[in-house]
>>> print(open('structure21.cif').read())   # mmCIF, C-alpha atoms
data_target
#
loop_
_atom_site.label_atom_id
_atom_site.label_comp_id
_atom_site.auth_asym_id
_atom_site.auth_seq_id
_atom_site.Cartn_x
_atom_site.Cartn_y
_atom_site.Cartn_z
CA MET I 1 -90.62 17.80 -53.88
CA SER I 2 -92.87 20.60 -52.84
CA MET I 3 -96.08 18.92 -53.97
CA PRO I 4 -97.33 15.59 -52.72
CA ALA I 5 -97.00 12.71 -55.15
CA MET I 6 -100.27 12.02 -56.88
CA THR I 7 -101.64 9.18 -58.88
CA SER I 8 -104.58 9.10 -61.21
CA ALA I 9 -107.69 7.13 -60.44
CA THR I 10 -111.11 6.95 -61.97
CA ALA I 11 -113.98 8.75 -60.34
CA HIS I 12 -117.07 6.85 -59.25
CA ASN I 13 -118.99 7.88 -62.32
CA GLY I 14 -116.22 6.45 -64.48
CA THR I 15 -115.72 9.65 -66.46
CA ALA I 16 -113.16 12.00 -65.02
CA PRO I 17 -109.88 10.89 -63.48
CA LEU I 18 -109.24 11.98 -59.94
CA LEU I 19 -105.90 12.84 -58.46
CA VAL I 20 -105.49 10.82 -55.32
CA PRO I 21 -102.60 11.69 -53.07
CA ARG I 22 -100.41 8.69 -52.37
CA THR I 23 -98.44 10.35 -49.65
CA ARG I 24 -99.07 10.47 -45.98
CA ALA I 25 -98.15 12.33 -42.84
CA TRP I 26 -95.39 10.87 -40.70
CA THR I 27 -95.46 10.98 -36.94
CA GLN I 28 -92.32 11.87 -35.02
CA ALA I 29 -92.11 8.28 -33.80
CA GLU I 30 -92.28 6.93 -37.34
CA LEU I 31 -89.60 9.34 -38.45
CA GLY I 32 -87.46 8.20 -35.54
CA ALA I 33 -87.97 4.59 -36.52
CA PHE I 34 -87.08 5.35 -40.14
CA VAL I 35 -83.88 7.07 -39.08
CA LEU I 36 -82.87 4.23 -36.77
CA GLN I 37 -83.57 1.60 -39.40
CA HIS I 38 -81.59 3.25 -42.13
CA HIS I 39 -78.86 5.04 -40.23
CA ALA I 40 -76.20 2.34 -40.62
CA PHE I 41 -77.07 1.84 -44.30
CA ALA I 42 -76.87 5.58 -44.97
CA TRP I 43 -73.59 5.82 -43.09
CA ARG I 44 -72.02 3.00 -45.10
CA MET I 45 -73.30 4.39 -48.40
CA VAL I 46 -72.05 7.90 -47.71
CA ARG I 47 -68.67 6.52 -46.69
CA ARG I 48 -68.33 4.20 -49.68
CA LEU I 49 -69.42 6.95 -52.06
CA GLY I 50 -66.22 8.72 -51.15
CA VAL I 51 -66.95 11.07 -48.27
CA MET I 52 -64.01 11.29 -45.88
CA GLU I 53 -64.49 9.50 -42.61
CA SER I 54 -64.21 12.75 -40.66
CA SER I 55 -67.15 14.20 -42.61
CA VAL I 56 -69.42 11.18 -42.75
CA ASP I 57 -71.44 11.92 -39.62
CA ASP I 58 -72.20 15.45 -40.79
CA ALA I 59 -73.15 14.21 -44.25
CA VAL I 60 -75.43 11.55 -42.78
CA GLN I 61 -77.08 14.22 -40.66
CA GLN I 62 -77.63 16.30 -43.78
CA VAL I 63 -79.20 13.29 -45.46
CA PHE I 64 -81.69 12.71 -42.69
CA MET I 65 -82.43 16.41 -42.25
CA VAL I 66 -83.59 16.43 -45.84
CA VAL I 67 -85.31 13.07 -45.75
CA THR I 68 -87.24 13.57 -42.53
CA SER I 69 -88.38 17.01 -43.60
CA LYS I 70 -89.67 15.75 -46.95
CA LEU I 71 -90.95 12.23 -46.32
CA GLY I 72 -94.47 13.58 -46.09
CA GLY I 73 -94.28 14.46 -49.77
CA VAL I 74 -92.75 11.18 -50.88
CA GLU I 75 -94.95 8.63 -52.54
CA ILE I 76 -95.75 5.66 -50.34
CA GLY I 77 -93.37 2.83 -51.15
CA LYS I 78 -90.71 5.15 -52.56
CA GLU I 79 -89.23 6.14 -49.22
CA ARG I 80 -86.06 4.13 -49.62
CA SER I 81 -85.54 5.35 -53.17
CA PHE I 82 -85.84 8.89 -51.89
CA LEU I 83 -83.33 8.12 -49.17
CA VAL I 84 -80.83 6.72 -51.66
CA SER I 85 -81.22 9.64 -54.06
CA THR I 86 -80.66 12.02 -51.14
CA ILE I 87 -77.59 10.08 -50.07
CA ILE I 88 -76.17 10.35 -53.59
CA ARG I 89 -76.84 14.10 -53.73
CA VAL I 90 -75.37 14.82 -50.31
CA ALA I 91 -72.34 12.63 -50.98
CA ALA I 92 -71.74 14.43 -54.26
CA ASN I 93 -71.90 17.80 -52.49
CA ALA I 94 -69.58 16.61 -49.73
CA ARG I 95 -67.10 15.34 -52.29
CA ARG I 96 -67.16 18.67 -54.07
CA ALA I 97 -66.50 20.42 -50.77
CA GLN I 98 -63.63 18.05 -50.10
CA ALA I 99 -62.24 18.67 -53.53
CA ARG I 100 -62.03 22.37 -52.76
CA VAL I 101 -59.80 21.80 -49.75
CA LEU I 102 -57.87 18.73 -50.77
CA GLU I 103 -55.45 18.36 -53.57
CA GLN I 104 -56.56 14.77 -54.01
CA PRO I 105 -60.34 14.98 -53.80
CA TRP I 106 -62.39 12.59 -51.72
CA ASN I 107 -59.45 10.39 -50.82
CA ASP I 108 -58.30 9.93 -47.29
CA GLU I 109 -54.57 9.85 -47.21
CA PRO I 110 -53.55 6.41 -48.46
CA PRO I 111 -51.43 4.49 -46.04
CA GLU I 112 -47.75 4.07 -46.60
CA ILE I 113 -46.88 0.44 -46.97
CA ALA I 114 -43.31 -0.61 -46.60
CA SER I 115 -42.20 -2.62 -49.58
CA ASP I 116 -40.46 -5.12 -47.33
CA ALA I 117 -43.65 -5.88 -45.46
CA PRO I 118 -44.49 -9.60 -45.52
CA THR I 119 -47.60 -9.18 -47.68
CA PRO I 120 -50.19 -6.43 -47.73
CA GLU I 121 -52.84 -8.90 -46.63
CA GLU I 122 -50.92 -9.59 -43.45
CA SER I 123 -49.63 -6.17 -42.58
CA LEU I 124 -52.53 -3.79 -43.19
CA SER I 125 -54.94 -2.64 -40.54
CA GLN I 126 -58.63 -2.59 -41.34
CA ALA I 127 -58.54 1.21 -41.53
CA GLN I 128 -55.69 1.05 -44.01
CA ARG I 129 -57.57 -1.46 -46.11
CA ARG I 130 -60.59 0.83 -46.19
CA ALA I 131 -58.41 3.75 -47.22
CA LEU I 132 -57.05 1.61 -50.02
CA LEU I 133 -60.57 0.66 -51.01
CA ASP I 134 -61.34 4.38 -51.29
CA GLU I 135 -58.42 4.67 -53.61
CA VAL I 136 -59.66 1.72 -55.65
CA LEU I 137 -63.15 3.22 -55.99
CA ALA I 138 -62.07 6.84 -56.51
CA PRO I 139 -61.85 6.72 -60.33
CA LEU I 140 -65.43 5.46 -60.69
CA PRO I 141 -67.98 8.07 -61.74
CA LEU I 142 -70.57 8.54 -59.02
CA GLU I 143 -73.44 6.79 -60.80
CA MET I 144 -71.21 3.80 -61.49
CA ARG I 145 -69.85 3.82 -57.97
CA THR I 146 -73.36 3.91 -56.54
CA VAL I 147 -74.40 0.80 -58.46
CA PHE I 148 -71.17 -0.95 -57.58
CA VAL I 149 -71.47 -0.23 -53.85
CA LEU I 150 -75.11 -1.27 -53.72
CA ALA I 151 -74.31 -4.53 -55.52
CA GLU I 152 -70.96 -5.50 -54.15
CA LEU I 153 -71.02 -4.10 -50.65
CA GLU I 154 -74.72 -3.97 -49.83
CA GLY I 155 -75.46 -7.26 -51.58
CA MET I 156 -78.35 -6.08 -53.72
CA SER I 157 -79.37 -7.65 -57.02
CA ALA I 158 -79.51 -5.64 -60.24
CA PRO I 159 -83.34 -5.53 -60.28
CA GLU I 160 -83.37 -4.33 -56.67
CA ILE I 161 -80.89 -1.59 -57.49
CA ALA I 162 -82.81 -0.64 -60.61
CA SER I 163 -85.94 -0.22 -58.55
CA LEU I 164 -84.13 1.70 -55.84
CA ILE I 165 -82.42 4.22 -58.09
CA GLU I 166 -85.26 4.23 -60.62
CA THR I 167 -83.06 3.25 -63.52
CA PRO I 168 -83.59 0.50 -66.12
CA VAL I 169 -82.13 -2.87 -65.18
CA GLY I 170 -80.10 -2.93 -68.36
CA THR I 171 -78.43 0.33 -67.41
CA VAL I 172 -77.67 -0.98 -63.94
CA THR I 173 -76.19 -4.17 -65.34
CA SER I 174 -74.10 -2.26 -67.80
CA ARG I 175 -72.80 0.13 -65.14
CA LEU I 176 -72.03 -2.77 -62.86
CA ARG I 177 -70.11 -4.65 -65.52
CA ARG I 178 -68.03 -1.58 -66.36
CA ALA I 179 -67.49 -0.79 -62.69
CA ARG I 180 -66.23 -4.29 -62.02
CA GLU I 181 -63.73 -4.04 -64.83
CA LEU I 182 -62.46 -0.72 -63.50
CA VAL I 183 -62.28 -1.95 -59.94
CA GLU I 184 -60.46 -5.11 -60.88
CA ARG I 185 -57.88 -3.12 -62.77
CA GLN I 186 -57.64 -0.50 -60.03
CA VAL I 187 -57.00 -3.16 -57.37
CA ARG I 188 -53.94 -4.24 -59.32
CA VAL I 189 -52.80 -0.62 -59.68
CA VAL I 190 -53.22 0.13 -55.98
CA ARG I 191 -51.48 -3.05 -54.99
CA ALA I 192 -48.51 -2.28 -57.19
CA LYS I 193 -48.43 1.35 -56.06
CA HIS I 194 -48.23 0.42 -52.42
CA GLY I 195 -45.57 -2.18 -52.74
CA GLY I 196 -47.44 -5.44 -52.68
CA PRO I 197 -46.60 -8.35 -54.96
CA SER I 198 -48.55 -8.32 -58.21
CA MET T 199 -74.72 -12.33 -50.72
CA ASN T 200 -75.69 -12.54 -54.34
CA ALA T 201 -74.19 -13.78 -57.53
CA ASN T 202 -72.82 -10.38 -58.50
CA ARG T 203 -70.80 -10.09 -55.37
CA GLU T 204 -69.46 -13.62 -55.55
CA LEU T 205 -68.39 -13.09 -59.13
CA LEU T 206 -66.32 -10.06 -58.28
CA ARG T 207 -64.65 -11.51 -55.25
CA ASP T 208 -63.94 -14.69 -57.11
CA ARG T 209 -61.88 -12.68 -59.53
CA LEU T 210 -59.92 -10.80 -56.88
CA ASP T 211 -56.85 -12.10 -55.12
CA GLY T 212 -56.39 -12.10 -51.35
CA PHE T 213 -55.32 -8.47 -51.29
CA GLY T 214 -58.37 -7.29 -53.22
CA LYS T 215 -60.72 -9.45 -51.19
CA SER T 216 -59.30 -8.09 -47.95
CA LEU T 217 -60.22 -4.53 -48.96
CA PHE T 218 -63.85 -5.51 -49.38
CA ASP T 219 -63.80 -7.53 -46.17
CA ALA T 220 -62.60 -4.41 -44.32
CA ALA T 221 -65.52 -2.44 -45.76
CA ASP T 222 -67.95 -5.14 -44.65
CA ILE T 223 -67.18 -4.49 -41.01
CA ASP T 224 -67.18 -0.70 -41.32
CA ALA T 225 -70.00 0.83 -39.33
CA PRO T 226 -70.99 4.05 -37.59
CA LYS T 227 -69.75 4.59 -34.07
CA SER T 228 -71.88 3.39 -31.24
CA GLY T 229 -74.21 6.11 -30.08
CA SER T 230 -74.11 8.08 -33.32
CA ALA T 231 -77.72 7.17 -34.09
CA ASP T 232 -78.73 8.68 -30.74
CA LYS T 233 -76.94 11.88 -31.48
CA LEU T 234 -78.48 12.00 -34.92
CA LEU T 235 -82.00 11.66 -33.57
CA VAL T 236 -81.38 14.45 -31.12
CA ALA T 237 -79.84 16.68 -33.75
CA LEU T 238 -82.88 16.09 -35.93
CA GLY T 239 -85.14 17.04 -33.05
CA ILE T 240 -86.89 13.68 -32.96
CA GLY T 241 -84.96 12.07 -30.13
CA ALA T 242 -87.76 12.89 -27.74
CA ALA T 243 -90.25 10.94 -29.84
CA VAL T 244 -88.22 7.79 -29.43
CA THR T 245 -87.20 8.38 -25.85
CA ALA T 246 -90.80 9.18 -24.98
CA VAL T 247 -91.17 5.48 -24.34
CA ALA T 248 -89.86 6.19 -20.86
CA THR T 249 -93.28 7.19 -19.65
CA PRO T 250 -95.27 5.31 -17.02
CA ALA T 251 -97.55 3.97 -19.74
CA ALA T 252 -94.57 2.38 -21.41
CA ALA T 253 -92.63 1.30 -18.37
CA ALA T 254 -91.61 -2.07 -19.76
CA PRO T 255 -90.12 -0.77 -23.00
CA ALA T 256 -88.42 1.96 -21.06
CA ALA T 257 -86.84 -0.56 -18.76
CA ALA T 258 -85.59 -2.47 -21.76
CA ALA T 259 -84.23 0.72 -23.22
CA ALA T 260 -82.51 1.63 -20.01
CA LYS T 261 -80.56 -1.60 -20.13
CA GLY T 262 -79.22 -0.67 -23.52
CA THR T 263 -81.13 -2.01 -26.43
CA THR T 264 -80.58 -2.52 -30.10
CA VAL T 265 -81.81 -0.71 -33.15
CA ALA T 266 -84.21 -3.55 -33.82
CA THR T 267 -85.65 -3.25 -30.35
CA MET T 268 -85.93 0.50 -30.56
CA THR T 269 -87.61 0.06 -33.88
CA LYS T 270 -90.24 -2.07 -32.23
CA LEU T 271 -90.70 0.60 -29.58
CA ALA T 272 -91.17 3.22 -32.24
CA VAL T 273 -93.61 0.94 -34.03
CA VAL T 274 -95.62 0.71 -30.82
CA LEU T 275 -95.67 4.48 -30.66
CA ALA T 276 -96.73 4.67 -34.28
CA LEU T 277 -99.57 2.32 -33.55
CA ALA T 278 -100.60 4.36 -30.58
CA SER T 279 -100.77 7.39 -32.82
CA GLY T 280 -103.22 5.69 -35.12
CA GLY T 281 -101.06 4.33 -37.89
CA ALA T 282 -101.19 0.88 -39.37
CA VAL T 283 -97.70 -0.43 -39.55
CA ALA T 284 -96.26 -3.28 -41.49
CA VAL T 285 -92.70 -4.30 -40.91
CA HIS T 286 -91.34 -6.42 -43.66
CA GLU T 287 -88.09 -8.09 -44.27
CA ALA T 288 -85.11 -6.34 -45.66
CA ALA T 289 -82.63 -8.83 -44.34
CA LYS T 290 -81.13 -9.39 -47.76
CA HIS T 291 -79.52 -6.03 -47.43
CA ARG T 292 -78.08 -6.41 -43.97
CA GLU T 293 -80.58 -3.76 -43.11
CA ALA T 294 -82.92 -3.41 -40.23
CA PRO T 295 -86.54 -3.94 -41.23
CA VAL T 296 -88.21 -1.31 -43.32
CA VAL T 297 -91.24 0.20 -41.73
CA VAL T 298 -93.99 1.10 -44.10
CA ALA T 299 -96.72 2.84 -42.27
CA THR T 300 -100.01 4.03 -43.61
CA PRO T 301 -102.54 6.21 -41.90
CA ALA T 302 -105.36 4.40 -40.15
CA THR T 303 -108.40 4.98 -42.26
CA THR T 304 -110.53 2.08 -41.10
CA SER T 305 -111.54 0.79 -37.74
CA PRO T 306 -109.98 -2.70 -37.75
CA PRO T 307 -106.83 -2.99 -35.70
CA PRO T 308 -103.61 -2.50 -37.60
CA ALA T 309 -101.83 -5.54 -38.90
CA ILE T 310 -98.25 -6.01 -37.92
CA ALA T 311 -96.05 -8.46 -39.73
CA THR T 312 -92.61 -8.81 -38.25
CA THR T 313 -90.56 -11.28 -40.18
CA ALA T 314 -87.32 -9.43 -40.20
CA LYS T 315 -84.15 -10.92 -38.91
CA ALA T 316 -82.31 -7.69 -38.43
CA LYS T 317 -78.64 -8.16 -37.85
CA ALA T 318 -78.14 -5.45 -35.30
CA THR T 319 -74.45 -5.36 -34.58
CA ALA T 320 -72.83 -4.08 -31.45
CA SER T 321 -71.89 -0.92 -33.24
CA GLU T 322 -75.52 -0.35 -34.19
CA SER T 323 -76.75 -0.65 -30.65
CA ILE T 324 -77.98 2.54 -29.14
CA THR T 325 -78.25 3.94 -25.70
CA PRO T 326 -81.42 5.66 -24.61
CA VAL T 327 -81.11 9.36 -24.14
CA ALA T 328 -83.07 11.99 -22.31
CA LEU T 329 -85.07 9.63 -20.20
CA PRO T 330 -87.33 11.99 -18.30
CA ASP T 331 -87.15 10.06 -15.07
CA ALA T 332 -83.44 9.38 -15.19
CA PRO T 333 -81.66 10.65 -12.11
CA PRO T 334 -79.44 13.64 -12.77
CA GLU T 335 -75.74 12.98 -12.84
CA PRO T 336 -73.90 14.29 -9.79
CA ALA T 337 -72.35 17.67 -10.34
CA LYS T 338 -68.64 17.59 -10.91
CA SER T 339 -66.81 20.60 -9.60
CA THR T 340 -63.58 21.28 -11.38
CA ALA T 341 -61.69 24.50 -11.65
CA SER T 342 -60.44 23.70 -15.13
CA ALA T 343 -62.38 23.44 -18.39
CA PRO T 344 -65.65 21.57 -18.02
CA ARG T 345 -65.43 17.84 -18.61
CA ALA T 346 -67.54 16.35 -21.37
CA PRO T 347 -71.02 16.23 -19.87
CA ALA T 348 -73.37 13.35 -20.36
CA LEU T 349 -75.13 13.62 -23.65
CA SER T 350 -78.44 13.02 -21.97
CA GLU T 351 -78.09 16.30 -20.03
CA GLN T 352 -77.49 18.20 -23.23
CA VAL T 353 -80.38 16.43 -24.88
CA ALA T 354 -82.73 17.32 -22.04
CA LEU T 355 -81.86 21.00 -22.15
CA LEU T 356 -82.00 21.12 -25.93
CA ASP T 357 -85.38 19.43 -25.93
CA ASP T 358 -86.59 22.00 -23.41
CA ALA T 359 -85.46 24.85 -25.63
CA ARG T 360 -87.08 23.31 -28.68
CA SER T 361 -90.33 22.72 -26.86
CA GLN T 362 -90.40 26.29 -25.62
CA LEU T 363 -89.75 27.60 -29.10
CA ALA T 364 -92.39 25.31 -30.60
CA SER T 365 -94.93 26.58 -28.09
CA GLY T 366 -94.20 30.16 -29.07
CA ASP T 367 -92.19 31.08 -25.99
CA ALA T 368 -89.08 32.36 -27.76
CA THR T 369 -87.85 34.26 -24.70
CA SER T 370 -87.74 31.13 -22.56
CA ALA T 371 -86.17 29.18 -25.40
CA LEU T 372 -83.46 31.78 -25.65
CA ALA T 373 -82.84 31.67 -21.91
CA THR T 374 -82.57 27.89 -22.10
CA THR T 375 -80.01 28.03 -24.87
CA ARG T 376 -78.02 30.53 -22.81
CA ARG T 377 -78.13 28.08 -19.94
CA PHE T 378 -76.97 25.37 -22.31
CA GLU T 379 -73.99 27.44 -23.38
CA GLN T 380 -73.06 28.39 -19.83
CA ARG T 381 -73.36 24.87 -18.58
CA PHE T 382 -71.78 22.86 -21.36
CA GLY T 383 -69.58 25.34 -23.18
CA ARG T 384 -68.88 25.66 -26.87
CA ASN T 385 -67.26 22.27 -27.19
CA ALA T 386 -70.42 20.45 -26.24
CA THR T 387 -71.57 17.83 -28.70
CA LEU T 388 -74.91 19.52 -29.31
CA TYR T 389 -73.69 23.12 -29.09
CA PRO T 390 -74.38 23.88 -32.78
CA GLU T 391 -77.92 22.50 -32.47
CA ALA T 392 -78.47 24.64 -29.36
CA MET T 393 -77.24 27.72 -31.17
CA LEU T 394 -79.58 26.92 -34.05
CA VAL T 395 -82.46 27.11 -31.58
CA ALA T 396 -81.03 30.37 -30.20
CA VAL T 397 -80.95 31.87 -33.67
CA GLN T 398 -84.50 30.71 -34.37
CA ALA T 399 -85.63 32.18 -31.05
CA ASN T 400 -84.00 35.52 -31.78
CA LEU T 401 -85.55 35.63 -35.22
CA ALA T 402 -88.93 34.78 -33.71
CA ARG T 403 -88.51 37.77 -31.39
CA GLY T 404 -87.52 39.97 -34.31
CA ASP T 405 -83.98 40.42 -33.06
CA ARG T 406 -82.14 39.82 -36.29
CA ASP T 407 -78.92 41.45 -35.09
CA ALA T 408 -78.63 39.05 -32.17
CA ALA T 409 -79.35 36.12 -34.49
CA ARG T 410 -76.65 37.28 -36.86
CA SER T 411 -74.19 37.71 -34.03
CA ILE T 412 -74.73 34.11 -32.89
CA ALA T 413 -74.43 32.96 -36.48
CA GLN T 414 -71.08 34.70 -36.90
CA SER T 415 -69.79 33.18 -33.72
CA LEU T 416 -70.96 29.73 -34.77
CA GLU T 417 -69.26 30.15 -38.15
CA LYS T 418 -65.97 30.62 -36.33
CA THR T 419 -66.28 27.75 -33.89
CA HIS T 420 -68.25 25.18 -35.91
CA PRO T 421 -68.08 26.14 -39.58
CA HIS T 422 -68.90 22.74 -41.07
CA THR T 423 -71.85 21.35 -39.16
CA PRO T 424 -75.33 20.89 -40.61
CA ALA T 425 -76.73 23.13 -37.88
CA THR T 426 -74.36 25.89 -38.96
CA SER T 427 -75.55 25.51 -42.54
CA LYS T 428 -79.11 25.87 -41.36
CA VAL T 429 -78.21 28.93 -39.31
CA ARG T 430 -76.51 30.41 -42.36
CA GLU T 431 -79.69 29.94 -44.38
CA LEU T 432 -81.78 31.54 -41.67
CA VAL T 433 -79.78 34.72 -41.23
CA ASN T 434 -78.80 35.33 -44.86
#
>>> encode(input="structure21.cif", output="C-alpha cells")
Amino acid sequence: MSMPAMTSATAHNGTAPLLVPRTRAWTQAELGAFVLQHHAFAWRMVRRLGVMESSVDDAVQQVFMVVTSKLGGVEIGKERSFLVSTIIRVAANARRAQARVLEQPWNDEPPEIASDAPTPEESLSQAQRRALLDEVLAPLPLEMRTVFVLAELEGMSAPEIASLIETPVGTVTSRLRRARELVERQVRVVRAKHGGPS
Amino acid sequence: MNANRELLRDRLDGFGKSLFDAADIDAPKSGSADKLLVALGIGAAVTAVATPAAAAPAAAAAKGTTVATMTKLAVVLALASGGAVAVHEAAKHREAPVVVATPATTSPPPAIATTAKAKATASESITPVALPDAPPEPAKSTASAPRAPALSEQVALLDDARSQLASGDATSALATTRRFEQRFGRNATLYPEAMLVAVQANLARGDRDAARSIAQSLEKTHPHTPATSKVRELVN
C-alpha cells in the first residue's frame, strides 16, 4: 500500500475524470485511539487464529506496527478491513514460525484429562478449555477459521464479515457452513481423545 | 449474539459449549495496551493529556480509566488538532467504538456522535503511563539484581530518547538509551524498544559497526520481539 487509495470523480467541466485521494493523514492521538479501540479485538483474533498465547502480544504489536504505519494510505472507511487483513497475515506468519519450532504447529500443549474425572465440563480450567478449543479449530484452513471466529466468537453477521474481509457474502456463508461442520465433528473427536463421555 | 452463533452452540453439547464460553472471557492482560502504545511510540500522544490544559482528563486518567474513557481523551486531542471526529457504534462486536476521523476542511465545528456502549472490561482497563508531572518513584537501593522498575520510568526515558532522535540529536538519543540500559538492565520490559532507538541513533551518526554490535547483542537476548525484527531490517 505504497500509494494512497484513489477514487474517480468527474471534473467541474464534466469531461475528464479526476483522481481524488480518499485517504487522510492521522495524528498521533488518532492513531493512539485506534490502537486502544481495537487492541482487545486484535488480541482475541490473533489468539483464536492459532497463535500461541506466549506469542500473542508480540504478534499484536506486529499488527499495529504495520497498521499504524500504513493507515495514512488506507481508504477512509476501510480501516477495520485493513486491520483484519493485517491480523490474518501476521497470524499466518506467526503460525509458520511456530510450525518451524513445534512438532505440532500452532497448538499449545493440550491438557491431559484423567479419564476418571467426573466430566470434562466440571474438571477443566478455563485455560484448559481454551487449549482444547485451539485443538478443535486447528484443522480449519485459515480463511475458514477467520470466518468462523468472526462469526461465532466475535458475533458478526455474514454480511458484516463479507464487508470486513472483502469477500462475497456467498463465499462467507459457504465457508461458515463448512467450518461449522468441521468444528462440530472436531469437538466430538477432541472430547473422545481426552477421555470425556461421547 | 447473532443467529449464526446461536445455531452452532445449539448443536453443541455442554462440553463443546464450555470451550466457546472459555474463549468468550479470554482477553489481553491488563496494561498490555499501555505497553503496546509505548512500543509503537505513540504512548506520549495519549498520555499528553496530562498537561495543564487538560488537567481534568489527566486527573481522570490518574485514577485509572478505561479504554472507552481514554478513547474520549484521544478524541478530544484529535479535535484539538483540527480533525472532525465521529464515533459510531460498534457494540454489536463487543468492540469499543470505532473512530472515523476526517480532516477538517471547513470552518464549522466538528460533529461528534457518541452512541457507543463500549463494554470495557476490567482486563481492558489501562493505566496512564509517563505522566509528565508524576512524582518520581523513590529510589530502591539493592545490592542484588535490579527489581522490575515502574513501566512509567522506562516510558519516560524511552520517550526522551525518541524525541531526541526525532529532533536530529542522535548523540543525546544514544546517551539516553545508554542510561536506559544502565538503569533498567536488559530484562526491562522496553529494553528491545530502547535498543531499537540506539541502533537508529548509531545509524543516524553513521556508526554502522556500533549499530550492528547492538543488533547482535539484541538477537541473543531478545530474538523474537518486533523491535528485534525491526533492528534486523535496519542493519542488514
>>> atom_distance(input="structure21.cif", atom1="CA of Gly77 (chain I)", atom2="CA of Met65 (chain I)")
19.6 Å
>>> resolve_selection(input="structure21.cif", expression="the PyMOL selection byres ((chain I and resi 138) around 10)", output="ChimeraX atom specification")
/I:48-50,104-107,132-137,139-142,145,183,186
>>> atom_distance(input="structure21.cif", atom1="CA of Gly241 (chain T)", atom2="CA of Asn434 (chain T)")
28.2 Å
>>> resolve_selection(input="structure21.cif", expression="the PyMOL selection byres ((chain I) within 8 of (chain T))", output="PyMOL selection string")
chain I and resi 24-25+27-41+43-44+57-59+61-62+64-65+76-77+120-121+126-127+129-130+132-133+151-157+180+184+187+191
>>> residues_near_point(input="structure21.cif", point="(-69.7, -0.2, -63.1)", cutoff="8 Å", atoms="all atoms listed in the file", output="short mmCIF file (atom, residue, chain, number, x, y, z; two decimals) with C-alpha atoms, in the coordinates of the input")
data_model
loop_
_atom_site.label_atom_id
_atom_site.label_comp_id
_atom_site.auth_asym_id
_atom_site.auth_seq_id
_atom_site.Cartn_x
_atom_site.Cartn_y
_atom_site.Cartn_z
CA LEU I 140 -65.43 5.46 -60.69
CA MET I 144 -71.21 3.80 -61.49
CA ARG I 145 -69.85 3.82 -57.97
CA VAL I 147 -74.40 0.80 -58.46
CA PHE I 148 -71.17 -0.95 -57.58
CA THR I 173 -76.19 -4.17 -65.34
CA SER I 174 -74.10 -2.26 -67.80
CA ARG I 175 -72.80 0.13 -65.14
CA LEU I 176 -72.03 -2.77 -62.86
CA ARG I 177 -70.11 -4.65 -65.52
CA ARG I 178 -68.03 -1.58 -66.36
CA ALA I 179 -67.49 -0.79 -62.69
CA ARG I 180 -66.23 -4.29 -62.02
CA GLU I 181 -63.73 -4.04 -64.83
CA LEU I 182 -62.46 -0.72 -63.50
#
>>> atom_distance(input="structure21.cif", atom1="CA of Arg403 (chain T)", atom2="CA of Leu432 (chain T)")
13.8 Å
>>> closest_residue(input="structure21.cif", among="I:Arg47, I:Thr23, I:Glu143, I:Glu160", to="Arg95 (chain I)", atoms="only C-alpha atoms")
I:Arg47
>>> closest_residue(input="structure21.cif", among="T:Ala373, T:Met393, T:Ala368, T:Leu388", to="Asp405 (chain T)", atoms="all atoms listed in the file")
T:Ala368
>>> residues_around(input="structure21.cif", residues="Arg410 (chain T)", least_positions_apart="4", cutoff="7 Å", atoms="all atoms listed in the file", output="list in words")
Arg406, Gln414 and Val433 of chain T
>>> residues_around(input="structure21.cif", residues="Gln362 (chain T)", least_positions_apart="2", cutoff="12 Å", atoms="only C-alpha atoms", output="CSV table (one decimal) with C-alpha atoms, in the coordinates of the input")
chain,number,residue,atom,x,y,z
T,355,LEU,CA,-81.9,21.0,-22.2
T,356,LEU,CA,-82.0,21.1,-25.9
T,357,ASP,CA,-85.4,19.4,-25.9
T,358,ASP,CA,-86.6,22.0,-23.4
T,359,ALA,CA,-85.5,24.8,-25.6
T,360,ARG,CA,-87.1,23.3,-28.7
T,364,ALA,CA,-92.4,25.3,-30.6
T,365,SER,CA,-94.9,26.6,-28.1
T,366,GLY,CA,-94.2,30.2,-29.1
T,367,ASP,CA,-92.2,31.1,-26.0
T,368,ALA,CA,-89.1,32.4,-27.8
T,369,THR,CA,-87.8,34.3,-24.7
T,370,SER,CA,-87.7,31.1,-22.6
T,371,ALA,CA,-86.2,29.2,-25.4
T,372,LEU,CA,-83.5,31.8,-25.6
T,373,ALA,CA,-82.8,31.7,-21.9
T,374,THR,CA,-82.6,27.9,-22.1
T,375,THR,CA,-80.0,28.0,-24.9
T,395,VAL,CA,-82.5,27.1,-31.6
T,396,ALA,CA,-81.0,30.4,-30.2
T,398,GLN,CA,-84.5,30.7,-34.4
T,399,ALA,CA,-85.6,32.2,-31.0
T,402,ALA,CA,-88.9,34.8,-33.7
>>> closest_residue(input="structure21.cif", among="T:Val353, T:Ala409, T:Leu363, T:Ala392", to="Arg376 (chain T)", atoms="all atoms listed in the file")
T:Ala392
>>> axis_aligned_box(input="structure21.cif", around="region 212-220 of chain T", padding_each_side="8 Å", output="AutoDock Vina command-line options")
--center_x -59.6 --center_y -8.3 --center_z -48.8 --size_x 24.5 --size_y 23.7 --size_z 24.9
>>> closest_residue(input="structure21.cif", among="I:Val84, I:Val67, I:Ala91, I:Val169", to="Glu53 (chain I)", atoms="all atoms listed in the file")
I:Ala91
